[in-house]
Structures are given as structure tokens and as C-alpha cells.
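Colleague: Before I ask anything, let me first share the structure, which is written out below as C-alpha cells.
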Amino acid sequence: MRFRKVLDAIETYEAGKPIELVVREFGIAPEEIVKLASNENPLGTSPRVAETIRAHADKAHLYPDDSMFELKAALSERFGVPRETIIIGAGSDQILEFVSRAKLDQESSVLMSRVTFAMYAIYARQQGARILRTEDYRHRPEEFLPIMEREKPEVVYLCTPNNPTGDAISRESVFEILNGADSETLVVIDGAYMEYAAAKDPAYRIDPAEILDYPNALYLGTFSKAYGLGGMRVGYGIARPEIVRALMKMRPPFNITTLSLAAAIAACGDESFVAESIALHQQELPRYEAYAKARGFDYIDSYTNFITWLFPETMDSSTVADALLRRGVIVRDLASYGMNALRITVGTPRQNDRLFAVMDEVLG
């Protein structure tokens with residue numbers, strides 16, 4: 001069977017290994033497995049949101065409100081932006097797909113950092129677009145701006161904080177890149193982990209309302225991380241109405257579920273859970289930094305709910321990740337990104353204790 005030639009250059013996205021796989025392959029009891037690979041909220045789902053999901057379970061046979069009026073109203077109030085500047089996706093990555101389909105073709109190019117979220121390139125390649133990358137994983141204006149001036153890409157991706165590295169772009173740098181963009185270049189600011197960066201240092205906080213000052217910018221956020229709704233798949237985009245109207249033409253009807261919609265609306269009103277999640281992260285992150293220093297390897301300063309450990313040549317990230325996996329601790333090996341590194345979600349104290357103990361066992 002023949003398919004489009006552009007598919008030849010696309011690799012399937014590799015998600016973090018699920019608990020079920022470890023149970024099947026290694027015979028480890030589910031309750032003994034620690035999953036720190038997918039940046040899910042270690043506190044789980046807020047009790048308030050879980051109760052809302054249960055209360056709406058008998059509505060699973062009904063299509064959701066396709067206008068998503070209540071959720072847009074909640075986000076409008078939260079960010080101080082008009083409802084018509086908001087689009088909802090099945091995860092923020094679905095909006096990335098809308099962007100690629102709306103802006104890209106075989107004559108187009110997209111610009112991103114050397115190491116960043118894999119779906120930017122995958123969606124672009126689906127449209128046959130050319131991928132441009134900077135030399136560094138960090139989003140430095142001095143690298144982005146010359147390429148933007150020379151190549152005039154249709155889309156520029158700024159992932160801040162960056163996944164999978166965990167570093168962030170300062171507000172100053174974001175707006176320097178925005179101000180240097182061509183009017184036809186859509187600059188996408190992916191703020192999936194923004195709640196963590198804003199809490200760590202206000203110099204890295206990007207306010208979606210400020211993005212509306214630019215006619216060629218799109219801000220993305222998600223309920224999957226700080227809000228603990230990774231399994232419900234709800235994200236949002238905020239941009240000028242003309243951008244939202246174009247992206248809406250790519251959106252299928254009822255693109256999030258009735259239960260997902262109810263959960264996200266409830267999550268918008270539960271800021272105390274977000275605060276608790278961030279406080280836990282800030283409490284536990286220094287333990288990961290201290291462990292790396294004690295073991296003689298480096299790490300990237302994290303503005304997210306995960307940390308990236310950078311290994312020396314004497315250690316192999318794939319070997320370490322596999323050894324951890326066989327002992328029931330799931331982390332993300334970054335070898336597929338060309339890095340000798342592990343990305344590890346910062347968990348609860350108990351999960352982190354287990355990770356450090358098993359790492360000691362693996363490293364000897």
C-alpha cells in the first residue's frame with residue numbers, strides 16, 4: 001500500500017513507558033512501580049476535580065458543549081483575555097497539529113531549538129515542511145533571530161520551559177524574539193509548564209494577555225501538568241481572534257470529551273491544588289540537584305516539574321534507564337534526543353526516596 005512520501009521521514013512519537021508494560025514484562029506488582037517518566041502530577045488529580053468527574057459520569061453518553069462556553073469563560077477570567085481569543089484542544093499538542101495544518105506545506109519551514117518537544121517536528125513533517133534548528137537547546141535570541149531573518153519560517157516554536165530539557169526562556173528573550181519576527185511568521189509560545197517557571201522566578205513568567213499585543217503570536221497552555229489532568233487531555237491556545245478563527249477551521253467537532261470538559265472547568269476553580277503541587281515540587285527538587293552533585297554528574301537548572309540529569313561519558317543513560325526499569329522505576333531516557341541524559345519527574349517524597357535508593361543500587 002502506498003502512502004504519502006513525507007511519512008518516510010517521520011518517526012513515531014515515543015511516549016513514556018506505562019506502568020502496565022512494566023507489570024507485563026518484569027512481573028513487578030503495580031503498587032511497587034514508581035513512574036517518573038511522563039511529567040504527570042505526582043499528587044494525582046485534585047479531589048475536587050475527581051468528584052466532579054464522578055458526578056458527571058452518567059453524562060458520558062452526551063456530547064459535550066461544543067462551544068466550551070464555561071471553560072472559555074473560566075480561562076477568560078483567569079488570564080484577563082476575551083473568550084474569542086481562546087481555542088480548546090485535546091491537549092495543547094492538538095493545537096500544534098492545527099497550527100501545522102493551517103500554516104505549513106512543502107514550501108514552508110519551521111524553526112525550533114536543537115532539542116525540544118518532538119511533536120513540533122513530527123507535525124511539520126506531516127505537512128512536508130522543512131525543519132530548521134538552532135545549534136543549542138537553549139532558546140537564545142542571538143541564534144533564533146539570524147535564522148528568522150534569513151529563512152523567514154512560517155512558524156517559530158518557543159518552548160518555555162523547554163521539554164525535555166527543563167530550562168526556560170526569560171521574558172526579555174521571548175519578547176526580543178517576538179519583536180524580531182516577520183509579520184507572516186507565527187511565533188508559538190508553548191507554556192505547558194509555565195506555572196512552575198512563574199513560581200520559581202517572575203522573570204520567566206509569560207502572561208498570555210501580553211501575547212495578544214502581537215498579531216502573529218500564539219500562547220499554549222495545558223491542564224495536564226500542574227492541574228493533574230494528563231489523562232483527560234485538555235489544552236488551550238490564546239491568540240488574536242483572527243488566528244483563533246483560522247485554527248478553528250482545523251478543529252474537529254467535540255474534540256474533548258464531556259468528562260474532560262467538566263474536569264477542566266472544575267480545575268480552573270481549584271488553584272489551591274496547583275499551589276500544593278508547585279510547593280511539593282519546590283520542596284523536592286533540591287534533593288535531585290544534591291544527588292547529582294554527590295554522584296558527580298551535572299543537571300540542567302529546572303523550571304518545570306522534572307529535572308534533566310546530564311551524564312559523563314563514563315555513564316550511559318540508556319543502560320541506567322533500563323536498569324531502573326527492571327527494578328520498577330520508570331524514567332525517560334533522552335538518547336533519542338541525542339543526549340546522554342535522563343529526564344525524571346520530581347515525585348512525592350516516597351517516590352523520590354525509592355528513585356534515589358534504586359539509583360544507588362544501579363550505580364553501586
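Naming scheme: A, B, ... for chains in displayed order of the C-alpha cells; residues 1 onward per chain; ligands 1 onward as shown.
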Write out as a PyMOL selection string each polymer residue whose atoms come within 12 Å of Ala264 (chain A), counting only C-alpha atoms; drop sequence neighbours fewer than 3 positions from it.
Modeller: chain A and resi 45-46+48-50+52-53+68+70-75+88-91+222-224+227-236+256-261+267-271
Colleague: Under the rule of at most 10 Å, produce a per-residue listing of region 96-139 of chain A near region 184-203 of chain A: chain, number, name, the closest pair of atoms, and the distance in Å, as JSON lines, using only C-alpha atoms.
Modeller:
```
{"residue": "A:Leu96", "atom": "CA", "partner": "A:Val188", "partner_atom": "CA", "distance": 8.7}
{"residue": "A:Val99", "atom": "CA", "partner": "A:Leu186", "partner_atom": "CA", "distance": 8.8}
{"residue": "A:Lys103", "atom": "CA", "partner": "A:Leu186", "partner_atom": "CA", "distance": 8.4}
{"residue": "A:Val110", "atom": "CA", "partner": "A:Thr185", "partner_atom": "CA", "distance": 9.2}
{"residue": "A:Leu111", "atom": "CA", "partner": "A:Val187", "partner_atom": "CA", "distance": 9.5}
{"residue": "A:Phe117", "atom": "CA", "partner": "A:Asp190", "partner_atom": "CA", "distance": 9.6}
```
Colleague: Given the choices A:Val115, A:Leu310, A:Ala262, A:Leu43, which gets closest to Ala279 (chain A) if the distance is worked out from only C-alpha atoms?
Modeller: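 For Ala279 (chain A), the nearest of the given residues is A:Leu43.
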Colleague: Which is closer to Ser336 (chain A) than all the others in A:Glu40, A:Ala118, A:Phe306, A:Ile131, using only C-alpha atoms?
Modeller: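 Comparing A:Glu40, A:Ala118, A:Phe306, A:Ile131 against Ser336 (chain A), the winner is A:Ala118.
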Colleague: Would you list the contacts of Arg287 (chain A) as a list in words, taking every protein, DNA or RNA residue within 12 Å and counting only C-alpha atoms, but skipping same-chain residues closer than 3 positions in sequence?
Modeller: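 Near Arg287 (chain A), the qualifying residues are Leu280, His281, Gln282, Gln283, Glu284, Ala290, Tyr291, Ala292, Lys293, Ala294, Ile307, Val346, Gly347, Thr348, Pro349, Asn352, Asp353, Leu355 and Phe356 of chain A.
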Colleague: Neighbours of region 339-341 of chain A within 9 Å (only C-alpha atoms; same-chain residues fewer than 5 positions away dropped), as a VMD selection string?
Modeller: chain A and resid 115 299 308 to 313 315 to 318 332 to 334
Colleague: Could you pull the residues within 12 Å of Pro82 (chain A), counting only C-alpha atoms, minus those fewer than 6 positions along the same chain, as a PDB file with N, CA and C atoms, in the first residue's frame?
Modeller:
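Everything below was put into out07.pdb:
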```pdb
ATOM      1  N   PHE A  69     -18.319  26.934  26.351  1.00  0.00           N
ATOM      2  CA  PHE A  69     -18.564  28.277  26.886  1.00  0.00           C
ATOM      3  C   PHE A  69     -18.017  28.444  28.294  1.00  0.00           C
ATOM      4  N   LYS A  72     -14.105  28.319  28.468  1.00  0.00           N
ATOM      5  CA  LYS A  72     -13.527  29.547  27.918  1.00  0.00           C
ATOM      6  C   LYS A  72     -13.776  30.733  28.854  1.00  0.00           C
ATOM      7  N   ALA A  73     -14.957  30.753  29.476  1.00  0.00           N
ATOM      8  CA  ALA A  73     -15.249  31.835  30.417  1.00  0.00           C
ATOM      9  C   ALA A  73     -14.307  31.778  31.616  1.00  0.00           C
ATOM     10  N   ALA A  74     -14.029  30.563  32.098  1.00  0.00           N
ATOM     11  CA  ALA A  74     -13.123  30.406  33.244  1.00  0.00           C
ATOM     12  C   ALA A  74     -11.706  30.833  32.872  1.00  0.00           C
ATOM     13  N   LEU A  75     -11.240  30.445  31.686  1.00  0.00           N
ATOM     14  CA  LEU A  75      -9.907  30.831  31.241  1.00  0.00           C
ATOM     15  C   LEU A  75      -9.843  32.333  30.961  1.00  0.00           C
ATOM     16  N   SER A  76     -10.936  32.874  30.437  1.00  0.00           N
ATOM     17  CA  SER A  76     -11.010  34.315  30.184  1.00  0.00           C
ATOM     18  C   SER A  76     -10.837  35.102  31.476  1.00  0.00           C
ATOM     19  N   PRO A 208      -0.331  35.363  29.127  1.00  0.00           N
ATOM     20  CA  PRO A 208      -1.000  35.267  27.820  1.00  0.00           C
ATOM     21  C   PRO A 208      -1.624  36.573  27.356  1.00  0.00           C
ATOM     22  N   ALA A 209      -2.086  37.417  28.286  1.00  0.00           N
ATOM     23  CA  ALA A 209      -2.693  38.684  27.875  1.00  0.00           C
ATOM     24  C   ALA A 209      -1.691  39.566  27.135  1.00  0.00           C
ATOM     25  N   LEU A 212      -1.351  38.925  23.368  1.00  0.00           N
ATOM     26  CA  LEU A 212      -2.364  39.487  22.474  1.00  0.00           C
ATOM     27  C   LEU A 212      -1.950  40.832  21.895  1.00  0.00           C
ATOM     28  N   ILE A 238      -4.203  30.729  23.186  1.00  0.00           N
ATOM     29  CA  ILE A 238      -4.674  32.103  23.308  1.00  0.00           C
ATOM     30  C   ILE A 238      -3.938  32.943  22.269  1.00  0.00           C
ATOM     31  N   ALA A 239      -4.711  33.640  21.431  1.00  0.00           N
ATOM     32  CA  ALA A 239      -4.135  34.447  20.354  1.00  0.00           C
ATOM     33  C   ALA A 239      -5.179  35.445  19.880  1.00  0.00           C
ATOM     34  N   ARG A 240      -4.772  36.330  19.008  1.00  0.00           N
ATOM     35  CA  ARG A 240      -5.706  37.271  18.392  1.00  0.00           C
ATOM     36  C   ARG A 240      -6.863  36.499  17.731  1.00  0.00           C
ATOM     37  N   PRO A 241      -8.074  37.079  17.716  1.00  0.00           N
ATOM     38  CA  PRO A 241      -9.237  36.363  17.152  1.00  0.00           C
ATOM     39  C   PRO A 241      -9.037  35.852  15.742  1.00  0.00           C
ATOM     40  N   VAL A 244      -7.252  32.571  15.984  1.00  0.00           N
ATOM     41  CA  VAL A 244      -8.158  31.554  16.537  1.00  0.00           C
ATOM     42  C   VAL A 244      -9.175  31.113  15.484  1.00  0.00           C
TER      43      VAL A 244
END
```
Colleague: Using DSSP on the backbone coordinates, identify the residues of region 70-314 of chain A assigned to strand (DSSP E); present them as a PyMOL selection string.
Modeller: chain A and resi 86-89+109-112+130-133+155-159+186-190+217-222+235-239+298-300+306-310
Colleague: According to DSSP computed on the backbone, where in region 172-344 of chain A is there alpha helix (DSSP H)? Give the residues as an mmCIF file with C-alpha atoms, in the first residue's frame.
Modeller:
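Wrote it out as states28.cif, contents follow:
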```cif
data_model
loop_
_atom_site.group_PDB
_atom_site.id
_atom_site.type_symbol
_atom_site.label_atom_id
_atom_site.label_comp_id
_atom_site.auth_asym_id
_atom_site.auth_seq_id
_atom_site.Cartn_x
_atom_site.Cartn_y
_atom_site.Cartn_z
ATOM 1 C CA GLU A 172 13.073 39.598 27.922
ATOM 2 C CA SER A 173 14.304 37.000 25.419
ATOM 3 C CA VAL A 174 10.793 35.913 24.438
ATOM 4 C CA PHE A 175 9.777 39.459 23.579
ATOM 5 C CA GLU A 176 13.076 40.110 21.797
ATOM 6 C CA ILE A 177 12.305 37.176 19.503
ATOM 7 C CA LEU A 178 8.685 38.284 19.086
ATOM 8 C CA ASN A 179 9.722 41.796 18.180
ATOM 9 C CA MET A 194 4.584 27.827 32.817
ATOM 10 C CA GLU A 195 3.053 27.526 36.289
ATOM 11 C CA TYR A 196 6.317 26.073 37.602
ATOM 12 C CA ALA A 197 8.525 28.679 35.919
ATOM 13 C CA ALA A 198 6.365 31.580 37.120
ATOM 14 C CA ALA A 199 6.527 30.307 40.696
ATOM 15 C CA LYS A 200 10.304 29.879 40.580
ATOM 16 C CA PRO A 208 -1.000 35.267 27.820
ATOM 17 C CA ALA A 209 -2.693 38.684 27.875
ATOM 18 C CA GLU A 210 0.616 40.254 26.831
ATOM 19 C CA ILE A 211 0.805 37.915 23.847
ATOM 20 C CA PRO A 241 -9.237 36.363 17.152
ATOM 21 C CA GLU A 242 -8.115 36.116 13.519
ATOM 22 C CA ILE A 243 -5.587 33.409 14.443
ATOM 23 C CA VAL A 244 -8.158 31.554 16.537
ATOM 24 C CA ARG A 245 -10.700 31.680 13.701
ATOM 25 C CA ALA A 246 -8.177 30.128 11.304
ATOM 26 C CA LEU A 247 -7.244 27.369 13.751
ATOM 27 C CA MET A 248 -10.910 26.637 14.491
ATOM 28 C CA THR A 258 -17.888 15.547 28.244
ATOM 29 C CA LEU A 259 -15.917 14.363 31.281
ATOM 30 C CA SER A 260 -12.750 16.189 30.199
ATOM 31 C CA LEU A 261 -14.670 19.428 29.810
ATOM 32 C CA ALA A 262 -16.268 19.117 33.246
ATOM 33 C CA ALA A 263 -12.903 18.263 34.807
ATOM 34 C CA ALA A 264 -11.133 21.246 33.255
ATOM 35 C CA ILE A 265 -13.860 23.661 34.363
ATOM 36 C CA ALA A 266 -13.563 22.353 37.927
ATOM 37 C CA ALA A 267 -9.754 22.513 37.778
ATOM 38 C CA CYS A 268 -9.902 26.213 36.867
ATOM 39 C CA GLU A 271 -5.967 26.955 42.427
ATOM 40 C CA SER A 272 -5.131 25.585 45.889
ATOM 41 C CA PHE A 273 -4.317 22.210 44.310
ATOM 42 C CA VAL A 274 -1.975 23.887 41.825
ATOM 43 C CA ALA A 275 -0.286 25.752 44.676
ATOM 44 C CA GLU A 276 0.125 22.487 46.601
ATOM 45 C CA SER A 277 1.605 20.783 43.533
ATOM 46 C CA ILE A 278 4.129 23.566 42.992
ATOM 47 C CA ALA A 279 5.057 23.670 46.689
ATOM 48 C CA LEU A 280 5.769 19.927 46.644
ATOM 49 C CA HIS A 281 7.955 20.348 43.586
ATOM 50 C CA GLN A 282 9.922 23.219 45.122
ATOM 51 C CA GLN A 283 10.426 21.172 48.276
ATOM 52 C CA GLU A 284 11.692 18.058 46.479
ATOM 53 C CA LEU A 285 13.664 19.455 43.517
ATOM 54 C CA PRO A 286 16.756 20.370 45.611
ATOM 55 C CA ARG A 287 17.112 16.703 46.550
ATOM 56 C CA TYR A 288 17.655 15.836 42.869
ATOM 57 C CA GLU A 289 20.218 18.595 42.495
ATOM 58 C CA ALA A 290 22.055 17.436 45.618
ATOM 59 C CA TYR A 291 22.024 13.807 44.461
ATOM 60 C CA ALA A 292 23.542 14.718 41.101
ATOM 61 C CA LYS A 293 26.307 16.717 42.757
ATOM 62 C CA ALA A 294 27.035 13.900 45.214
ATOM 63 C CA ARG A 295 27.251 11.378 42.369
ATOM 64 C CA SER A 317 21.806 6.914 30.028
ATOM 65 C CA SER A 318 20.159 4.013 28.193
ATOM 66 C CA THR A 319 21.917 1.449 30.391
ATOM 67 C CA VAL A 320 20.914 3.307 33.560
ATOM 68 C CA ALA A 321 17.309 3.769 32.391
ATOM 69 C CA ASP A 322 16.980 0.071 31.560
ATOM 70 C CA ALA A 323 18.425 -0.972 34.927
ATOM 71 C CA LEU A 324 15.976 1.310 36.722
ATOM 72 C CA LEU A 325 13.100 -0.032 34.633
ATOM 73 C CA ARG A 326 13.907 -3.635 35.545
#
```
Colleague: To one decimal in Å, tell me the separation between CA of Arg138 (chain A) and CA of Asp167 (chain A).
Modeller: 7.2 Å
Colleague: So, counting only C-alpha atoms, which residue among A:Lys225, A:Gly180, A:Tyr219, A:Ser170 is closest to Gly44 (chain A)?
Modeller: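 Distance minimum relative to Gly44 (chain A) lands on A:Lys225.
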Colleague: Could you please determine the separation between CA of Asp213 (chain A) and CA of Met148 (chain A) in Å, to one decimal place?
Modeller: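 A separation of 20.1 Å between them.
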Colleague: Ranking A:Ala217, A:Ile147, A:Met119, A:Ala9 by minimum distance to Thr85 (chain A) and counting only C-alpha atoms, which one comes first?
Modeller: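 That would be A:Ala217, the residue with the smallest distance to Thr85 (chain A).
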